[in-house]
Structures are given as C-alpha cells and as structure tokens.
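Colleague: The following file, structure.pdb, comprises PDB, C-alpha atoms, pLDDT in the B column:
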MODEL        1
ATOM      1  CA  MET A   1       0.000   0.000   0.000  1.00 86.00           C
ATOM      2  CA  PHE A   2       2.084   2.935   1.267  1.00 87.00           C
ATOM      3  CA  SER A   3       5.671   2.852   2.408  1.00 95.00           C
ATOM      4  CA  LYS A   4       6.696   4.074   5.840  1.00 95.00           C
ATOM      5  CA  GLY A   5       8.318   7.155   4.319  1.00 95.00           C
ATOM      6  CA  GLN A   6       5.148   8.084   2.427  1.00 96.00           C
ATOM      7  CA  LEU A   7       3.054   7.801   5.587  1.00 96.00           C
ATOM      8  CA  ILE A   8       5.496   9.986   7.524  1.00 97.00           C
ATOM      9  CA  PHE A   9       5.475  12.561   4.740  1.00 97.00           C
ATOM     10  CA  ALA A  10       1.656  12.553   4.620  1.00 97.00           C
ATOM     11  CA  ALA A  11       1.413  13.017   8.391  1.00 97.00           C
ATOM     12  CA  LEU A  12       3.944  15.874   8.429  1.00 98.00           C
ATOM     13  CA  PHE A  13       2.288  17.515   5.444  1.00 98.00           C
ATOM     14  CA  PHE A  14      -1.142  17.295   7.084  1.00 98.00           C
ATOM     15  CA  VAL A  15       0.097  18.755  10.372  1.00 98.00           C
ATOM     16  CA  SER A  16       1.941  21.620   8.652  1.00 98.00           C
ATOM     17  CA  PHE A  17      -1.070  22.323   6.420  1.00 98.00           C
ATOM     18  CA  VAL A  18      -3.428  22.545   9.417  1.00 97.00           C
ATOM     19  CA  ILE A  19      -0.990  24.853  11.219  1.00 97.00           C
ATOM     20  CA  ALA A  20      -0.673  27.115   8.156  1.00 96.00           C
ATOM     21  CA  ILE A  21      -4.450  27.292   7.650  1.00 95.00           C
ATOM     22  CA  SER A  22      -5.012  28.034  11.357  1.00 94.00           C
ATOM     23  CA  TYR A  23      -2.387  30.784  11.313  1.00 94.00           C
ATOM     24  CA  SER A  24      -3.890  32.365   8.189  1.00 92.00           C
ATOM     25  CA  TYR A  25      -7.405  32.244   9.610  1.00 89.00           C
ATOM     26  CA  ARG A  26      -6.338  33.812  12.921  1.00 89.00           C
ATOM     27  CA  LYS A  27      -4.483  36.539  11.043  1.00 87.00           C
ATOM     28  CA  ASP A  28      -7.513  37.434   8.908  1.00 88.00           C
ATOM     29  CA  ILE A  29     -10.300  36.944  11.470  1.00 86.00           C
ATOM     30  CA  LEU A  30     -11.107  40.674  11.746  1.00 84.00           C
ATOM     31  CA  VAL A  31     -11.319  41.002   7.953  1.00 85.00           C
ATOM     32  CA  HIS A  32     -13.599  37.953   7.777  1.00 82.00           C
ATOM     33  CA  GLN A  33     -15.954  39.367  10.411  1.00 82.00           C
ATOM     34  CA  LYS A  34     -16.275  42.648   8.528  1.00 84.00           C
ATOM     35  CA  THR A  35     -16.373  41.318   4.964  1.00 85.00           C
ATOM     36  CA  TYR A  36     -18.551  38.240   5.410  1.00 83.00           C
ATOM     37  CA  LYS A  37     -21.077  39.648   7.878  1.00 85.00           C
ATOM     38  CA  GLY A  38     -24.372  37.754   7.569  1.00 84.00           C
ATOM     39  CA  SER A  39     -22.950  34.953   5.424  1.00 86.00           C
ATOM     40  CA  TYR A  40     -24.480  32.390   7.774  1.00 88.00           C
ATOM     41  CA  LYS A  41     -27.884  33.323   6.302  1.00 92.00           C
ATOM     42  CA  ILE A  42     -26.671  32.196   2.886  1.00 93.00           C
ATOM     43  CA  LEU A  43     -25.461  28.909   4.369  1.00 92.00           C
ATOM     44  CA  ILE A  44     -28.787  28.306   6.106  1.00 96.00           C
ATOM     45  CA  GLY A  45     -30.659  29.102   2.886  1.00 96.00           C
ATOM     46  CA  PHE A  46     -28.481  26.679   0.929  1.00 97.00           C
ATOM     47  CA  ILE A  47     -29.060  23.889   3.473  1.00 97.00           C
ATOM     48  CA  VAL A  48     -32.819  24.529   3.429  1.00 97.00           C
ATOM     49  CA  PHE A  49     -32.786  24.382  -0.386  1.00 98.00           C
ATOM     50  CA  ILE A  50     -30.963  21.023  -0.377  1.00 98.00           C
ATOM     51  CA  LEU A  51     -33.396  19.662   2.223  1.00 97.00           C
ATOM     52  CA  LEU A  52     -36.331  20.814   0.083  1.00 97.00           C
ATOM     53  CA  LEU A  53     -34.888  18.963  -2.890  1.00 96.00           C
ATOM     54  CA  PHE A  54     -34.651  15.769  -0.829  1.00 96.00           C
ATOM     55  CA  ILE A  55     -38.209  16.215   0.469  1.00 96.00           C
ATOM     56  CA  ILE A  56     -39.533  16.727  -3.055  1.00 95.00           C
ATOM     57  CA  LYS A  57     -37.627  13.657  -4.245  1.00 94.00           C
ATOM     58  CA  ILE A  58     -39.072  11.517  -1.456  1.00 93.00           C
ATOM     59  CA  PHE A  59     -42.571  12.934  -2.003  1.00 91.00           C
ATOM     60  CA  PHE A  60     -42.627  12.143  -5.744  1.00 90.00           C
ATOM     61  CA  LYS A  61     -40.985   8.755  -5.258  1.00 86.00           C
ATOM     62  CA  HIS A  62     -44.088   7.398  -3.497  1.00 71.00           C
TER      63      HIS A  62
ENDMDL
END
Written as structure tokens, how would this file's structure read?
Modeller:
Amino acid sequence: MFSKGQLIFAALFFVSFVIAISYSYRKDILVHQKTYKGSYKILIGFIVFILLLFIIKIFFKH
C-alpha cells in the first residue's frame, strides 16, 4: 500500500497544512468578520434548499 516514508510525509504535510491554515485564519479573522457579515444566512438558505430537494424527491418517489 504505502511505504513508511510516504506515511510519515503525509502526516507531516497534514500537520503543517493545518498549522498554516489556522495561522492564516487567525491573522484574517477581523477582515472575515467585517467582509462576510451575515454569510451564515446564505449557508442556512443553501441547506434549506438542499433539504427541500430531498423532500420533493421523497414525495414524488411514493
């Protein structure tokens, strides 16, 4: 499957990637709060839309 070296590389890459993403997010948190204010409403609307599609699918299946 994977060699020991590949698994070590994957683990180190994953850890460094998570650290880099966390650092970038913390650095830009004030910009995100100002720029994306109210974006949770879009997310909720999208989830409701997907749920409606599933409900319609189930309703017309029977």
Colleague: In Å, with one decimal, what is the gap from CA of Leu51 (chain A) to CA of Gln33 (chain A)?
Modeller: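 Distance between the two atoms: 27.6 Å.
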Colleague: Work out how far CA of Tyr40 (chain A) is from CA of Ile55 (chain A), in Å to one decimal.
Modeller: 22.4 Å
Colleague: In Å, with one decimal, what is the gap from CA of Gly38 (chain A) to CA of Ile50 (chain A)?
Modeller: 19.7 Å
Colleague: What does region 30-49 of chain A look like written to a file with N, CA and C atoms, as a short mmCIF file (atom, residue, chain, number, x, y, z; two decimals), in the first residue's frame?
Modeller:
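The resulting part_14.cif:
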data_model
loop_
_atom_site.label_atom_id
_atom_site.label_comp_id
_atom_site.auth_asym_id
_atom_site.auth_seq_id
_atom_site.Cartn_x
_atom_site.Cartn_y
_atom_site.Cartn_z
N LEU A 30 -10.40 39.39 11.72
CA LEU A 30 -11.11 40.67 11.75
C LEU A 30 -11.64 41.04 10.36
N VAL A 31 -10.87 40.73 9.33
CA VAL A 31 -11.32 41.00 7.95
C VAL A 31 -12.52 40.13 7.63
N HIS A 32 -12.48 38.86 8.05
CA HIS A 32 -13.60 37.95 7.78
C HIS A 32 -14.88 38.43 8.46
N GLN A 33 -14.76 38.91 9.69
CA GLN A 33 -15.95 39.37 10.41
C GLN A 33 -16.57 40.58 9.74
N LYS A 34 -15.76 41.44 9.18
CA LYS A 34 -16.28 42.65 8.53
C LYS A 34 -16.80 42.35 7.12
N THR A 35 -16.05 41.56 6.37
CA THR A 35 -16.37 41.32 4.96
C THR A 35 -17.54 40.35 4.80
N TYR A 36 -17.56 39.30 5.58
CA TYR A 36 -18.55 38.24 5.41
C TYR A 36 -19.66 38.30 6.45
N LYS A 37 -20.02 39.49 6.88
CA LYS A 37 -21.08 39.65 7.88
C LYS A 37 -22.40 39.14 7.30
N GLY A 38 -23.08 38.27 8.01
CA GLY A 38 -24.37 37.75 7.57
C GLY A 38 -24.28 36.59 6.60
N SER A 39 -23.09 36.05 6.39
CA SER A 39 -22.95 34.95 5.42
C SER A 39 -23.60 33.67 5.93
N TYR A 40 -23.82 33.58 7.24
CA TYR A 40 -24.48 32.39 7.77
C TYR A 40 -25.90 32.25 7.23
N LYS A 41 -26.53 33.37 6.88
CA LYS A 41 -27.88 33.32 6.30
C LYS A 41 -27.86 32.62 4.95
N ILE A 42 -26.83 32.86 4.18
CA ILE A 42 -26.67 32.20 2.89
C ILE A 42 -26.49 30.70 3.10
N LEU A 43 -25.69 30.32 4.07
CA LEU A 43 -25.46 28.91 4.37
C LEU A 43 -26.75 28.23 4.80
N ILE A 44 -27.51 28.87 5.66
CA ILE A 44 -28.79 28.31 6.11
C ILE A 44 -29.75 28.17 4.93
N GLY A 45 -29.81 29.17 4.07
CA GLY A 45 -30.66 29.10 2.89
C GLY A 45 -30.26 27.96 1.96
N PHE A 46 -28.97 27.76 1.78
CA PHE A 46 -28.48 26.68 0.93
C PHE A 46 -28.87 25.32 1.51
N ILE A 47 -28.71 25.16 2.82
CA ILE A 47 -29.06 23.89 3.47
C ILE A 47 -30.56 23.63 3.37
N VAL A 48 -31.37 24.68 3.56
CA VAL A 48 -32.82 24.53 3.43
C VAL A 48 -33.18 24.12 2.01
N PHE A 49 -32.52 24.72 1.01
CA PHE A 49 -32.79 24.38 -0.39
C PHE A 49 -32.47 22.91 -0.67
#
